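What follows is a short report on a single structure.
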Amino acid sequence: MDGEAWGEASVTYPDWKGTAQLDERMTVPWKGLARTVGLDGDQWQVVGFSIGGGEHGYDLRVVATPVDVWEKVKPDDDAEIEVTEFLVHNVDPLAILQQMTHVFELKMRLRGLDGRQVRVRALSDLPSELFVDEIFGPQED
């Protein structure tokens with residue numbers, strides 16, 4: 001089969017790894033990702049998107065399948081869904097993300113944690129001083 005599997009995010013040297021979830025806005029002015037980026041929603045079903053880039057800016061890519069293909073997808077079917085990946089030009093991906101979001105969360109962990117549990121023991125705001133001894137107890141040097 002031609003093409004490549006569209007999978008998890010990856011970079012060459014992943015100093016941070018994580019997950020993200022988004023609850024899409026259902027109110028105006030949001031009109032859906034397909035229409036916002038210029039895809040005909042009657043012809044295409046968006047099944048994913050990615051924001052990538054780095055020091056020189058970010059780009060937005062939208063993964064979509066033709067509606068007639070989408071309509072044949074069965075929820076209990078493990079078959080692959082063939083898509084087209086569109087690079088969206090002349091948009092600010094972070095502005096699109098903000099427009100489409102009701103609630104969004106991105107959590108990244110430092111690579112060296114290797115799956116260790118992280119426990120939040122205090123909440124604070126920046127800039128401020130974190131009173132380590134008061135919250136965590138006396139620290140050894």
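All residue names refer to the structure tokens as shown: chains lettered A, B, ... in order, residues numbered from 1 in each chain, ligands numbered from 1 in order.
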All residues 9 Å or closer to A:Ile81, only C-alpha atoms, same chain fewer than 2 positions away omitted, as a PDB file with N, CA and C atoms, in the first residue's frame:
```
ATOM      1  N   THR A  65     -10.600  12.920   4.526  1.00  0.00           N
ATOM      2  CA  THR A  65     -10.978  11.861   3.596  1.00  0.00           C
ATOM      3  C   THR A  65     -12.238  12.305   2.842  1.00  0.00           C
ATOM      4  N   VAL A  69     -16.058   8.184   1.141  1.00  0.00           N
ATOM      5  CA  VAL A  69     -15.238   7.194   1.841  1.00  0.00           C
ATOM      6  C   VAL A  69     -15.616   7.182   3.320  1.00  0.00           C
ATOM      7  N   TRP A  70     -15.760   8.366   3.906  1.00  0.00           N
ATOM      8  CA  TRP A  70     -16.103   8.494   5.329  1.00  0.00           C
ATOM      9  C   TRP A  70     -17.434   7.820   5.650  1.00  0.00           C
ATOM     10  N   VAL A  73     -17.253   4.130   6.465  1.00  0.00           N
ATOM     11  CA  VAL A  73     -16.503   3.700   7.640  1.00  0.00           C
ATOM     12  C   VAL A  73     -17.473   3.200   8.702  1.00  0.00           C
ATOM     13  N   ALA A  79     -10.281  -1.344   9.635  1.00  0.00           N
ATOM     14  CA  ALA A  79      -9.633  -1.038   8.361  1.00  0.00           C
ATOM     15  C   ALA A  79      -9.050   0.381   8.366  1.00  0.00           C
ATOM     16  N   VAL A  83      -6.530   8.946   3.456  1.00  0.00           N
ATOM     17  CA  VAL A  83      -6.735  10.379   3.589  1.00  0.00           C
ATOM     18  C   VAL A  83      -5.780  11.144   2.685  1.00  0.00           C
TER      19      VAL A  83
END
```
Residues of stretch 20-49 of chain A within 12 Å of stretch 7-12 of chain A: nearest atom pair and distance (Å, one decimal) for each, counting only C-alpha atoms, sorted by chain and number, as a tab-separated table?
```
residue	atom	partner	partner_atom	distance
A:Ala20	CA	A:Ala9	CA	10.6
A:Gly48	CA	A:Gly7	CA	10.3
A:Phe49	CA	A:Ala9	CA	11.0
```
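Residue neighbourhood of stretch 105-120 of chain A, excluding near-sequence residues (fewer than 4 positions): Tyr13, Pro14, Asp15, Trp16, Lys17, Gly18, Thr19, Ala20, Gln21, Leu22, Asp23, Glu24, Leu97, Gln98, Thr101, Ser124, Ile135 and Phe136 of chain A, at 12 Å, using only C-alpha atoms.
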Written selection (N, CA, C and O atoms) as a PDB file, in the first residue's frame:
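Generated file (part-v1.pdb):
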```
ATOM      1  N   TYR A  13      14.903  14.667  18.098  1.00  0.00           N
ATOM      2  CA  TYR A  13      15.424  14.591  19.465  1.00  0.00           C
ATOM      3  C   TYR A  13      14.345  15.052  20.438  1.00  0.00           C
ATOM      4  O   TYR A  13      14.283  16.218  20.799  1.00  0.00           O
ATOM      5  N   PRO A  14      13.491  14.144  20.891  1.00  0.00           N
ATOM      6  CA  PRO A  14      12.349  14.532  21.736  1.00  0.00           C
ATOM      7  C   PRO A  14      12.734  14.818  23.187  1.00  0.00           C
ATOM      8  O   PRO A  14      12.720  13.930  24.030  1.00  0.00           O
ATOM      9  N   ASP A  15      13.082  16.070  23.468  1.00  0.00           N
ATOM     10  CA  ASP A  15      13.397  16.449  24.842  1.00  0.00           C
ATOM     11  C   ASP A  15      12.152  16.432  25.727  1.00  0.00           C
ATOM     12  O   ASP A  15      12.254  16.282  26.940  1.00  0.00           O
ATOM     13  N   TRP A  16      10.998  16.630  25.125  1.00  0.00           N
ATOM     14  CA  TRP A  16       9.716  16.608  25.836  1.00  0.00           C
ATOM     15  C   TRP A  16       8.769  15.700  25.070  1.00  0.00           C
ATOM     16  O   TRP A  16       8.757  15.695  23.842  1.00  0.00           O
ATOM     17  N   LYS A  17       7.950  14.947  25.792  1.00  0.00           N
ATOM     18  CA  LYS A  17       6.933  14.090  25.188  1.00  0.00           C
ATOM     19  C   LYS A  17       5.630  14.335  25.920  1.00  0.00           C
ATOM     20  O   LYS A  17       5.635  14.657  27.099  1.00  0.00           O
ATOM     21  N   GLY A  18       4.501  14.161  25.215  1.00  0.00           N
ATOM     22  CA  GLY A  18       3.254  14.411  25.905  1.00  0.00           C
ATOM     23  C   GLY A  18       2.018  14.020  25.132  1.00  0.00           C
ATOM     24  O   GLY A  18       2.079  13.272  24.167  1.00  0.00           O
ATOM     25  N   THR A  19       0.910  14.585  25.593  1.00  0.00           N
ATOM     26  CA  THR A  19      -0.395  14.332  24.995  1.00  0.00           C
ATOM     27  C   THR A  19      -1.158  15.646  24.915  1.00  0.00           C
ATOM     28  O   THR A  19      -0.826  16.609  25.600  1.00  0.00           O
ATOM     29  N   ALA A  20      -2.190  15.645  24.089  1.00  0.00           N
ATOM     30  CA  ALA A  20      -3.068  16.809  23.982  1.00  0.00           C
ATOM     31  C   ALA A  20      -4.492  16.325  23.755  1.00  0.00           C
ATOM     32  O   ALA A  20      -4.710  15.270  23.156  1.00  0.00           O
ATOM     33  N   GLN A  21      -5.444  17.114  24.248  1.00  0.00           N
ATOM     34  CA  GLN A  21      -6.849  16.861  23.961  1.00  0.00           C
ATOM     35  C   GLN A  21      -7.548  18.197  23.754  1.00  0.00           C
ATOM     36  O   GLN A  21      -7.162  19.200  24.358  1.00  0.00           O
ATOM     37  N   LEU A  22      -8.562  18.190  22.890  1.00  0.00           N
ATOM     38  CA  LEU A  22      -9.279  19.412  22.553  1.00  0.00           C
ATOM     39  C   LEU A  22     -10.776  19.137  22.502  1.00  0.00           C
ATOM     40  O   LEU A  22     -11.200  18.143  21.912  1.00  0.00           O
ATOM     41  N   ASP A  23     -11.543  19.999  23.152  1.00  0.00           N
ATOM     42  CA  ASP A  23     -13.003  19.992  23.058  1.00  0.00           C
ATOM     43  C   ASP A  23     -13.345  21.119  22.103  1.00  0.00           C
ATOM     44  O   ASP A  23     -13.103  22.293  22.392  1.00  0.00           O
ATOM     45  N   GLU A  24     -13.883  20.765  20.932  1.00  0.00           N
ATOM     46  CA  GLU A  24     -14.135  21.749  19.881  1.00  0.00           C
ATOM     47  C   GLU A  24     -15.306  22.666  20.228  1.00  0.00           C
ATOM     48  O   GLU A  24     -16.316  22.232  20.772  1.00  0.00           O
ATOM     49  N   LEU A  97      -6.148  27.303  16.131  1.00  0.00           N
ATOM     50  CA  LEU A  97      -6.340  26.495  17.335  1.00  0.00           C
ATOM     51  C   LEU A  97      -7.198  27.232  18.352  1.00  0.00           C
ATOM     52  O   LEU A  97      -8.131  26.669  18.925  1.00  0.00           O
ATOM     53  N   GLN A  98      -6.920  28.500  18.554  1.00  0.00           N
ATOM     54  CA  GLN A  98      -7.700  29.286  19.511  1.00  0.00           C
ATOM     55  C   GLN A  98      -9.146  29.450  19.043  1.00  0.00           C
ATOM     56  O   GLN A  98     -10.073  29.354  19.839  1.00  0.00           O
ATOM     57  N   THR A 101     -11.260  26.157  19.665  1.00  0.00           N
ATOM     58  CA  THR A 101     -11.207  25.533  20.978  1.00  0.00           C
ATOM     59  C   THR A 101     -12.261  26.037  21.945  1.00  0.00           C
ATOM     60  O   THR A 101     -12.399  27.237  22.151  1.00  0.00           O
ATOM     61  N   SER A 124       0.911  27.636  42.464  1.00  0.00           N
ATOM     62  CA  SER A 124       1.460  28.970  42.624  1.00  0.00           C
ATOM     63  C   SER A 124       1.281  29.710  41.312  1.00  0.00           C
ATOM     64  O   SER A 124       0.804  29.144  40.330  1.00  0.00           O
ATOM     65  N   ILE A 135       6.300  24.136  51.772  1.00  0.00           N
ATOM     66  CA  ILE A 135       5.439  23.193  51.060  1.00  0.00           C
ATOM     67  C   ILE A 135       5.996  21.773  51.063  1.00  0.00           C
ATOM     68  O   ILE A 135       5.285  20.816  51.312  1.00  0.00           O
ATOM     69  N   PHE A 136       7.309  21.651  50.823  1.00  0.00           N
ATOM     70  CA  PHE A 136       7.918  20.343  50.685  1.00  0.00           C
ATOM     71  C   PHE A 136       8.722  19.910  51.905  1.00  0.00           C
ATOM     72  O   PHE A 136       9.238  18.818  51.958  1.00  0.00           O
TER      73      PHE A 136
END
```
Item to complete: Would you list, as a PyMOL selection string, the residues of stretch 48-82 of chain A that end up in strand (DSSP E) under DSSP run on this structure's backbone?
Response: chain A and resi 48-54+57-66
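If you look at atom CA of A:Leu87 and atom CA of A:Glu4, they are 15.9 Å away from each other.
Going from atom CA of A:Gly41 to atom CA of A:Val28 covers 17.1 Å.
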